[in-house]
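Asker: For reference, the file upload.cif (mmCIF, C-alpha atoms) is included below:
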data_coords
#
loop_
_atom_site.label_atom_id
_atom_site.label_comp_id
_atom_site.auth_asym_id
_atom_site.auth_seq_id
_atom_site.Cartn_x
_atom_site.Cartn_y
_atom_site.Cartn_z
CA MET A 1 4.26 -16.25 -37.71
CA GLY A 2 1.93 -13.65 -39.24
CA THR A 3 2.21 -9.93 -39.73
CA THR A 4 3.83 -7.88 -36.95
CA ILE A 5 3.75 -4.18 -36.09
CA LYS A 6 7.35 -4.01 -37.26
CA ASP A 7 6.32 -5.35 -40.68
CA ILE A 8 3.70 -2.62 -41.01
CA ALA A 9 6.13 0.06 -39.84
CA GLU A 10 8.73 -0.97 -42.42
CA LYS A 11 6.16 -1.04 -45.19
CA ALA A 12 4.71 2.35 -44.21
CA HIS A 13 8.16 3.90 -43.61
CA VAL A 14 7.21 5.00 -40.10
CA SER A 15 8.30 4.03 -36.58
CA ILE A 16 6.88 1.11 -34.62
CA ALA A 17 5.58 3.64 -32.07
CA THR A 18 3.59 5.42 -34.81
CA VAL A 19 1.97 2.17 -35.88
CA SER A 20 1.13 1.41 -32.24
CA LEU A 21 -0.57 4.80 -31.85
CA VAL A 22 -2.63 4.27 -35.00
CA LEU A 23 -3.74 0.73 -34.17
CA ASN A 24 -4.71 1.74 -30.64
CA LYS A 25 -6.68 4.76 -31.89
CA LYS A 26 -4.51 7.29 -30.07
CA PRO A 27 -3.73 10.90 -31.07
CA GLY A 28 -0.36 12.16 -32.23
CA VAL A 29 -0.39 10.91 -35.84
CA GLY A 30 -1.34 12.90 -38.94
CA ASP A 31 -4.47 11.90 -40.89
CA ALA A 32 -2.59 10.89 -44.03
CA THR A 33 -0.18 8.68 -42.09
CA ARG A 34 -3.03 7.20 -40.05
CA LYS A 35 -4.96 6.24 -43.19
CA ARG A 36 -1.87 4.73 -44.81
CA VAL A 37 -1.04 2.63 -41.74
CA LEU A 38 -4.63 1.41 -41.34
CA LYS A 39 -4.84 0.44 -45.00
CA LEU A 40 -1.59 -1.50 -44.77
CA ALA A 41 -2.75 -3.19 -41.57
CA ARG A 42 -5.92 -4.37 -43.34
CA ASP A 43 -4.12 -5.37 -46.53
CA MET A 44 -1.55 -7.33 -44.51
CA HIS A 45 -4.31 -8.99 -42.46
CA TYR A 46 -3.10 -7.61 -39.15
CA ILE A 47 -6.25 -5.84 -37.94
CA THR A 48 -8.26 -9.04 -38.03
CA SER A 49 -5.79 -10.87 -35.76
CA PRO A 50 -6.88 -11.71 -32.17
CA ARG A 51 -3.85 -9.89 -30.81
CA PHE A 52 -5.06 -6.58 -32.20
CA SER A 53 -8.61 -7.12 -30.92
CA SER A 54 -7.35 -7.81 -27.42
CA SER A 55 -5.24 -4.66 -27.39
CA ILE A 56 -8.05 -2.20 -28.12
CA GLY A 57 -8.17 0.49 -25.43
CA SER A 58 -4.53 -0.02 -24.43
CA GLN A 59 -1.55 2.07 -25.47
CA GLY A 60 0.65 -1.00 -25.50
CA THR A 61 3.21 -2.76 -23.34
CA VAL A 62 6.36 -1.34 -21.78
CA ARG A 63 9.09 -3.69 -20.57
CA PHE A 64 11.29 -2.90 -17.58
CA LEU A 65 14.73 -4.50 -17.90
CA LYS A 66 16.28 -5.29 -14.51
CA ILE A 67 19.91 -5.99 -15.39
CA ALA A 68 22.56 -7.30 -13.01
CA ARG A 69 25.90 -7.29 -14.82
CA HIS A 70 27.94 -8.30 -11.75
CA GLY A 71 25.40 -8.29 -8.90
CA HIS A 72 27.33 -6.06 -6.48
CA THR A 73 24.61 -3.40 -6.52
CA VAL A 74 21.63 -5.07 -8.22
CA ASN A 75 21.03 -7.77 -5.62
CA ARG A 76 18.77 -8.64 -2.71
CA ASP A 77 20.35 -5.94 -0.53
CA HIS A 78 18.98 -3.36 -2.98
CA ASN A 79 15.64 -4.98 -3.88
CA VAL A 80 13.68 -2.38 -1.92
CA PHE A 81 14.71 0.60 -4.02
CA ILE A 82 14.43 -1.38 -7.27
CA SER A 83 10.88 -2.28 -6.24
CA ASP A 84 10.19 1.43 -5.74
CA TYR A 85 11.36 2.12 -9.30
CA ILE A 86 8.99 -0.57 -10.57
CA ASP A 87 6.08 0.76 -8.49
CA GLY A 88 6.51 4.22 -10.01
CA ILE A 89 6.67 2.78 -13.51
CA VAL A 90 3.67 0.48 -13.09
CA GLN A 91 1.42 3.02 -11.35
CA THR A 92 2.05 5.70 -13.96
CA GLY A 93 1.62 3.14 -16.72
CA LYS A 94 -1.81 2.16 -15.42
CA VAL A 95 -2.96 5.77 -15.36
CA LEU A 96 -1.78 6.29 -18.93
CA GLU A 97 -3.16 2.95 -20.16
CA PHE A 98 0.14 1.14 -20.63
CA LYS A 99 0.82 -2.39 -19.48
CA THR A 100 4.13 -3.10 -17.79
CA GLU A 101 6.14 -6.29 -17.70
CA VAL A 102 9.39 -6.90 -15.84
CA THR A 103 12.25 -9.03 -17.15
CA SER A 104 15.31 -9.79 -15.03
CA PHE A 105 18.79 -10.58 -16.36
CA ARG A 106 21.73 -11.77 -14.27
CA THR A 107 25.20 -11.98 -15.83
CA THR A 108 23.49 -12.36 -19.23
CA PRO A 109 25.59 -11.28 -22.24
CA MET A 110 24.55 -7.83 -23.40
CA GLU A 111 23.97 -9.11 -26.94
CA LYS A 112 21.20 -11.39 -25.66
CA ILE A 113 19.65 -8.64 -23.54
CA VAL A 114 19.54 -6.25 -26.49
CA ALA A 115 18.16 -8.95 -28.77
CA SER A 116 15.43 -9.78 -26.24
CA ILE A 117 13.68 -6.46 -26.86
CA ASP A 118 14.81 -5.79 -30.42
CA SER A 119 12.97 -8.95 -31.47
CA LYS A 120 9.72 -7.91 -29.75
CA PRO A 121 7.89 -5.58 -32.18
CA ASP A 122 4.73 -5.77 -30.05
CA LEU A 123 6.46 -3.73 -27.31
CA ALA A 124 5.78 0.01 -27.26
CA GLY A 125 9.06 0.76 -25.52
CA ALA A 126 11.39 -0.20 -22.68
CA ILE A 127 12.83 1.27 -19.48
CA VAL A 128 16.30 -0.02 -18.68
CA LEU A 129 17.83 -0.19 -15.20
CA GLY A 130 21.29 1.19 -15.86
CA THR A 131 22.80 0.80 -12.38
CA GLU A 132 25.48 -1.71 -13.39
CA LEU A 133 25.77 -0.76 -17.07
CA SER A 134 28.95 0.75 -18.46
CA ARG A 135 28.98 3.35 -21.21
CA LYS A 136 29.81 0.56 -23.66
CA ASP A 137 26.83 -1.49 -22.40
CA VAL A 138 24.43 1.42 -22.89
CA GLN A 139 25.76 2.17 -26.37
CA MET A 140 24.93 -1.39 -27.44
CA PHE A 141 21.26 -0.40 -27.33
CA ASP A 142 21.85 1.83 -30.39
CA ARG A 143 20.68 -1.04 -32.56
CA VAL A 144 17.26 -1.19 -30.87
CA SER A 145 14.44 0.46 -32.79
CA LEU A 146 12.15 0.74 -29.75
CA PRO A 147 11.90 3.96 -27.71
CA LEU A 148 14.11 3.61 -24.60
CA VAL A 149 14.69 5.39 -21.29
CA PHE A 150 17.51 4.53 -18.87
CA ILE A 151 17.16 5.01 -15.12
CA ASP A 152 19.61 5.00 -12.19
CA THR A 153 22.47 6.14 -14.39
CA PHE A 154 23.45 9.30 -16.25
CA LEU A 155 25.72 9.53 -19.28
CA ASP A 156 26.60 12.60 -21.28
CA TYR A 157 27.32 12.31 -25.02
CA VAL A 158 25.05 9.26 -25.35
CA PRO A 159 21.86 9.79 -27.43
CA PHE A 160 19.29 8.34 -25.04
CA ASP A 161 16.90 9.65 -22.39
CA PHE A 162 18.15 9.27 -18.80
CA VAL A 163 16.37 9.76 -15.47
CA ASP A 164 18.58 9.65 -12.40
CA MET A 165 18.94 11.09 -8.90
CA ASN A 166 20.77 14.40 -8.49
CA ASN A 167 23.94 12.99 -6.95
CA VAL A 168 25.88 16.25 -6.93
CA ASP A 169 23.23 18.32 -5.19
CA SER A 170 22.55 15.53 -2.69
CA VAL A 171 26.20 15.07 -1.68
CA PHE A 172 26.66 18.81 -1.23
CA LYS A 173 23.71 18.76 1.17
CA VAL A 174 25.37 15.99 3.20
CA ILE A 175 28.61 17.97 3.53
CA ASP A 176 26.69 21.10 4.48
CA HIS A 177 24.86 19.09 7.16
CA PHE A 178 28.15 17.92 8.69
CA LEU A 179 29.45 21.49 8.69
CA ALA A 180 26.29 22.70 10.43
CA TYR A 181 27.08 20.25 13.23
CA GLY A 182 30.62 21.57 13.58
CA HIS A 183 32.51 18.83 11.74
CA ARG A 184 35.76 19.73 9.99
CA ALA A 185 37.35 16.30 9.65
CA ILE A 186 34.99 14.71 7.12
CA GLY A 187 35.66 11.49 5.25
CA MET A 188 33.94 9.17 2.80
CA VAL A 189 33.41 5.44 2.50
CA LYS A 190 33.27 4.89 -1.25
CA SER A 191 32.50 1.79 -3.26
CA SER A 192 35.29 -0.25 -4.83
CA ILE A 193 32.70 -1.31 -7.42
CA ARG A 194 32.47 1.20 -10.26
CA THR A 195 28.99 2.32 -11.14
CA ARG A 196 28.08 5.68 -12.61
CA ASN A 197 26.19 6.84 -9.51
CA PHE A 198 28.99 5.80 -7.16
CA HIS A 199 31.46 7.65 -9.38
CA LEU A 200 29.30 10.80 -9.38
CA ARG A 201 28.95 10.72 -5.58
CA GLU A 202 32.69 10.35 -5.07
CA LYS A 203 33.39 13.14 -7.54
CA ALA A 204 30.78 15.37 -5.89
CA PHE A 205 32.30 14.71 -2.47
CA LEU A 206 35.79 15.69 -3.64
CA GLU A 207 34.49 18.79 -5.43
CA GLY A 208 32.23 19.66 -2.52
CA MET A 209 35.02 19.55 0.05
CA ASN A 210 37.10 21.83 -2.18
CA SER A 211 34.20 24.18 -2.84
CA PHE A 212 33.51 24.49 0.87
CA GLY A 213 37.16 25.37 1.40
CA PHE A 214 38.52 22.15 2.93
CA ASP A 215 41.60 20.23 1.88
CA LEU A 216 40.72 16.55 1.79
CA ASN A 217 42.76 14.22 3.98
CA ARG A 218 43.24 11.10 1.86
CA GLN A 219 43.50 9.07 5.08
CA TYR A 220 39.79 9.75 5.47
CA MET A 221 38.87 8.00 2.21
CA PHE A 222 37.93 4.33 2.63
CA SER A 223 37.15 1.93 -0.23
CA VAL A 224 34.82 -1.03 0.39
CA ASP A 225 32.66 -3.48 -1.51
CA SER A 226 29.05 -2.41 -2.14
CA THR A 227 27.37 -5.46 -0.58
CA PHE A 228 26.60 -5.53 3.16
CA ASP A 229 28.95 -8.42 3.90
CA GLY A 230 31.67 -7.00 1.68
CA ALA A 231 31.41 -3.49 3.15
CA TYR A 232 31.60 -4.92 6.69
CA ARG A 233 34.61 -7.10 5.83
CA ASP A 234 36.52 -4.32 4.06
CA MET A 235 35.79 -1.68 6.71
CA ALA A 236 36.83 -4.09 9.47
CA ARG A 237 40.14 -4.52 7.65
CA HIS A 238 40.64 -0.75 7.44
CA LEU A 239 39.90 -0.38 11.14
CA SER A 240 42.34 -3.16 12.03
CA GLU A 241 45.10 -1.02 10.51
CA ASP A 242 44.42 1.65 13.17
CA ARG A 243 44.08 4.36 10.57
CA GLU A 244 43.24 7.85 11.70
CA LEU A 245 39.48 8.40 11.61
CA PRO A 246 37.59 11.61 10.84
CA THR A 247 34.76 12.82 13.05
CA ALA A 248 32.21 12.26 10.26
CA LEU A 249 31.80 9.72 7.45
CA PHE A 250 29.63 9.91 4.35
CA CYS A 251 28.84 6.46 2.92
CA SER A 252 28.09 6.00 -0.79
CA ASN A 253 24.83 4.24 0.01
CA ASP A 254 22.89 2.77 2.93
CA VAL A 255 23.96 -0.84 2.35
CA ILE A 256 27.57 0.26 2.67
CA ALA A 257 26.66 2.32 5.75
CA PHE A 258 25.05 -0.74 7.35
CA GLY A 259 28.26 -2.74 6.90
CA VAL A 260 30.37 0.16 8.18
CA LEU A 261 28.22 0.55 11.30
CA LYS A 262 28.66 -3.13 12.09
CA ALA A 263 32.44 -2.88 11.72
CA LEU A 264 32.59 0.26 13.88
CA ARG A 265 30.47 -1.35 16.59
CA GLU A 266 32.68 -4.45 16.74
CA LYS A 267 35.74 -2.22 17.03
CA GLY A 268 34.17 -0.42 20.00
CA ILE A 269 33.74 2.85 18.09
CA LYS A 270 30.44 4.45 19.07
CA VAL A 271 28.10 6.21 16.65
CA PRO A 272 27.54 9.14 16.93
CA GLU A 273 29.60 9.74 20.10
CA ASP A 274 32.94 8.86 18.47
CA ILE A 275 32.07 9.27 14.80
CA SER A 276 29.03 10.48 12.83
CA VAL A 277 27.72 8.57 9.82
CA VAL A 278 25.38 9.50 6.95
CA GLY A 279 24.11 7.14 4.26
CA PHE A 280 22.44 7.51 0.87
CA ASP A 281 19.13 5.99 -0.38
CA ASP A 282 17.19 6.08 2.91
CA LEU A 283 16.21 2.42 2.83
CA PRO A 284 13.33 1.50 5.19
CA SER A 285 15.69 -0.29 7.59
CA ALA A 286 17.76 2.89 8.05
CA GLU A 287 15.41 4.20 10.73
CA LEU A 288 15.37 0.84 12.53
CA LEU A 289 19.10 0.79 13.25
CA ASP A 290 20.71 1.63 16.57
CA PRO A 291 21.21 4.52 16.23
CA PRO A 292 18.75 5.35 13.43
CA LEU A 293 20.74 6.37 10.36
CA THR A 294 20.64 9.85 8.84
CA SER A 295 20.35 9.29 5.10
CA MET A 296 19.76 11.08 1.82
CA ALA A 297 16.35 10.12 0.43
CA VAL A 298 15.63 10.31 -3.28
CA SER A 299 12.17 9.25 -4.43
CA LYS A 300 12.70 6.11 -6.50
CA LYS A 301 8.98 6.06 -7.30
CA GLU A 302 9.27 9.56 -8.72
CA ILE A 303 12.23 8.49 -10.84
CA GLY A 304 10.25 5.49 -12.13
CA SER A 305 7.18 7.62 -12.78
CA THR A 306 9.23 10.31 -14.56
CA ALA A 307 10.88 7.64 -16.71
CA MET A 308 7.49 6.24 -17.77
CA ARG A 309 6.16 9.69 -18.64
CA ARG A 310 9.31 10.45 -20.59
CA LEU A 311 9.08 7.15 -22.46
CA ILE A 312 5.49 7.88 -23.46
CA LEU A 313 6.55 11.26 -24.84
CA ARG A 314 9.31 9.49 -26.77
CA ILE A 315 6.80 6.95 -28.14
CA ARG A 316 4.53 9.74 -29.34
CA ASN A 317 7.34 11.85 -30.75
CA PRO A 318 10.39 9.74 -31.61
CA ALA A 319 12.22 12.73 -33.10
CA MET A 320 12.15 14.95 -30.00
CA PRO A 321 15.48 15.94 -28.38
CA HIS A 322 16.89 13.59 -25.76
CA ALA A 323 16.74 14.66 -22.12
CA LYS A 324 18.90 14.01 -19.06
CA ILE A 325 16.61 14.40 -16.06
CA VAL A 326 17.80 14.42 -12.43
CA VAL A 327 15.53 14.21 -9.38
CA GLY A 328 16.59 15.95 -6.18
CA GLY A 329 16.72 14.47 -2.70
CA THR A 330 15.97 15.30 0.93
CA LEU A 331 18.24 14.56 3.88
CA ASN A 332 16.28 12.67 6.54
CA GLU A 333 17.97 13.57 9.83
CA ARG A 334 18.01 10.93 12.58
CA GLU A 335 20.45 10.14 15.38
CA SER A 336 23.68 9.07 13.66
CA VAL A 337 25.17 12.58 13.53
CA ALA A 338 26.41 14.35 16.67
CA ARG A 339 27.21 18.00 17.18
CA VAL A 340 30.93 18.48 17.82
CA GLY A 341 31.08 22.26 17.91
CA GLU A 342 29.69 25.46 16.49
CA PRO A 343 28.64 25.46 12.83
CA VAL A 344 31.64 25.74 10.55
CA GLN A 345 31.80 28.87 8.44
CA ALA A 346 33.05 27.42 5.18
CA GLU A 347 34.98 29.49 2.67
CA HIS A 348 32.80 28.54 -0.30
CA ARG A 349 35.63 29.10 -2.77
CA ASP A 350 33.56 28.29 -5.83
CA LEU A 351 30.14 27.97 -4.27
CA ASP A 352 27.32 30.40 -3.66
CA LEU A 353 25.08 29.12 -0.86
CA GLN A 354 22.07 30.43 -2.74
CA GLN A 355 22.81 27.80 -5.38
CA LEU A 356 22.56 24.84 -2.98
#
Rewrite the structure of this file - the entire thing - as structure tokens.
Answerer:
Amino acid sequence: MGTTIKDIAEKAHVSIATVSLVLNKKPGVGDATRKRVLKLARDMHYITSPRFSSSIGSQGTVRFLKIARHGHTVNRDHNVFISDYIDGIVQTGKVLEFKTEVTSFRTTPMEKIVASIDSKPDLAGAIVLGTELSRKDVQMFDRVSLPLVFIDTFLDYVPFDFVDMNNVDSVFKVIDHFLAYGHRAIGMVKSSIRTRNFHLREKAFLEGMNSFGFDLNRQYMFSVDSTFDGAYRDMARHLSEDRELPTALFCSNDVIAFGVLKALREKGIKVPEDISVVGFDDLPSAELLDPPLTSMAVSKKEIGSTAMRRLILRIRNPAMPHAKIVVGGTLNERESVARVGEPVQAEHRDLDLQQL
């Protein structure tokens, strides 16, 4: 098989990332360590290998792991925003002289996923799509020696770098938007599928309603599947029960909103005349709907780019403190929200508007 970067790292008592920096003639390594690694690489006949020659001028390769544990959120309905993540990663990688490769896993045991990168010492690091990963899933990556960054999830008390959207800030903006249009009866269509981002949005909605001084009517909370077909089916069932409806609905993401809009339309409930709807993700098709959907936009490319930059910092300095980075969003207003009265003066029990 021949000598690997991992072999050199173990012999030199340094990280794989340090060996990669030395072999690719990059800064960030002390002179004594650099000399020791180069000597070992020569003595172990690694420098003369074709693989090393072909990698001159490149920082190395970063792998993006697209993981679908159950497929309710990482699926074709969501391919657009996953592609945006990849675009941000690849574009930033090119600028910083890193190659990027994408590997997809669907219902693959976590042990095999972890082993797939742990056994690749030629990788400089990996960015992991954490959308459908549980805390236990993420913790399984503890055994990986490569530098890692997780995106589209956020976990406290776990020693990894995370880059995610600012769910709390974004949901508060949605509620504030409804209030500005005079809505008092505000509800949420949440996902029955548990992901970290869905959980954070639901929690932010509940906390936001309380902070703005409103008691939540549990009749206004609807639980649906996170696929388009599932969201449509589940919302149609809720509507068939003739439940009381609020004047405004926040949907956990755009795919859910698309299914909800279809169910409302078939029931003869007009948007926004009878009920206002806001989504999350601002998928390209949101503005093509009838009516065009107001939605919270978070730059997926920026998240991908931030993750790549963070990973490179981790590669160059493996001992630096871990970071939890959140990227804010912008509400793109379209025609799915109607004004029902004068702006509501909320109580803001625990909220200072200057902090929004």
Asker: Specify as a VMD selection string each residue included when the PyMOL selection byres ((chain A and resi 5-18) around 7) is applied to this file.
Answerer: chain A and resid 3 to 4 19 to 22 29 37 40 to 41 121 to 122 124 315 to 316
Asker: Which residues are near segment 229-235 of chain A? Cut-off 8 Å, all atoms listed in the file, ignore same chain within fewer than 2 positions. Put them as a VMD selection string.
Answerer: chain A and resid 222 to 227 237 to 239 255 to 263
Asker: What's around segment 59-72 of chain A at 8 Å? Count only C-alpha atoms, leave out sequence neighbours fewer than 6 positions away in its own chain, and write the answer as a ChimeraX atom specification.
Answerer: /A:20-21,24,26,86,96-108,122-133,193,225-227
Asker: What are the closest atom pairs, with distances in Å to one decimal, for all residues of segment 289-327 of chain A lying within 8 Å of segment 145-165 of chain A? Consider only C-alpha atoms, order rows by chain and residue number, and present the result as a Markdown table.
Answerer:
| residue | atom | partner | partner_atom | distance |
| --- | --- | --- | --- | --- |
| A:Val298 | CA | A:Met165 | CA | 6.6 |
| A:Ile303 | CA | A:Val163 | CA | 6.3 |
| A:Gly304 | CA | A:Ile151 | CA | 7.5 |
| A:Thr306 | CA | A:Val163 | CA | 7.2 |
| A:Ala307 | CA | A:Val163 | CA | 6.0 |
| A:Arg310 | CA | A:Val149 | CA | 7.4 |
| A:Leu311 | CA | A:Val149 | CA | 6.0 |
| A:Arg314 | CA | A:Pro147 | CA | 6.2 |
| A:Ile315 | CA | A:Pro147 | CA | 5.9 |
| A:Pro318 | CA | A:Pro147 | CA | 7.1 |
| A:His322 | CA | A:Asp161 | CA | 5.2 |
| A:Ala323 | CA | A:Asp161 | CA | 5.0 |
| A:Lys324 | CA | A:Phe162 | CA | 4.8 |
| A:Ile325 | CA | A:Val163 | CA | 4.7 |
| A:Val326 | CA | A:Asp164 | CA | 4.8 |
| A:Val327 | CA | A:Met165 | CA | 4.6 |
Asker: Take the residues that were just selected and, keeping C-alpha atoms, output them as a PDB file, in the coordinates of the input.
Answerer:
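The file below, selection_7.pdb, is the result:
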ATOM      1  CA  VAL A 298      15.630  10.310  -3.280  1.00  0.00           C
ATOM      2  CA  ILE A 303      12.230   8.490 -10.840  1.00  0.00           C
ATOM      3  CA  GLY A 304      10.250   5.490 -12.130  1.00  0.00           C
ATOM      4  CA  THR A 306       9.230  10.310 -14.560  1.00  0.00           C
ATOM      5  CA  ALA A 307      10.880   7.640 -16.710  1.00  0.00           C
ATOM      6  CA  ARG A 310       9.310  10.450 -20.590  1.00  0.00           C
ATOM      7  CA  LEU A 311       9.080   7.150 -22.460  1.00  0.00           C
ATOM      8  CA  ARG A 314       9.310   9.490 -26.770  1.00  0.00           C
ATOM      9  CA  ILE A 315       6.800   6.950 -28.140  1.00  0.00           C
ATOM     10  CA  PRO A 318      10.390   9.740 -31.610  1.00  0.00           C
ATOM     11  CA  HIS A 322      16.890  13.590 -25.760  1.00  0.00           C
ATOM     12  CA  ALA A 323      16.740  14.660 -22.120  1.00  0.00           C
ATOM     13  CA  LYS A 324      18.900  14.010 -19.060  1.00  0.00           C
ATOM     14  CA  ILE A 325      16.610  14.400 -16.060  1.00  0.00           C
ATOM     15  CA  VAL A 326      17.800  14.420 -12.430  1.00  0.00           C
ATOM     16  CA  VAL A 327      15.530  14.210  -9.380  1.00  0.00           C
TER      17      VAL A 327
END
Asker: With all atoms listed in the file as the basis for distance, which of A:Val168, A:Met140, A:Met320, A:Leu331 is at the shortest distance from Asn197 of chain A?
Answerer: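 Among the listed residues, the smallest separation from Asn197 of chain A belongs to A:Val168.
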Asker: For the PyMOL selection byres ((chain A and resi 292) around 10), applied here, can you spell out every residue it catches as an NGL selection string?
Answerer: :A and (271 or 285-291 or 293-295 or 333-337)
Asker: For the provided coordinates, the residues matched by the PyMOL selection byres ((chain A and resi 279) around 6) should be stated as a PyMOL selection string.
Answerer: chain A and resi 251+253-254+257+278+280+295
Asker: Go ahead and compute the interatomic distance for atom CA of Phe205 of chain A and atom CA of Gln139 of chain A, in Å to one decimal.
Answerer: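 Straight-line distance from atom CA of Phe205 of chain A to atom CA of Gln139 of chain A works out to 27.8 Å.
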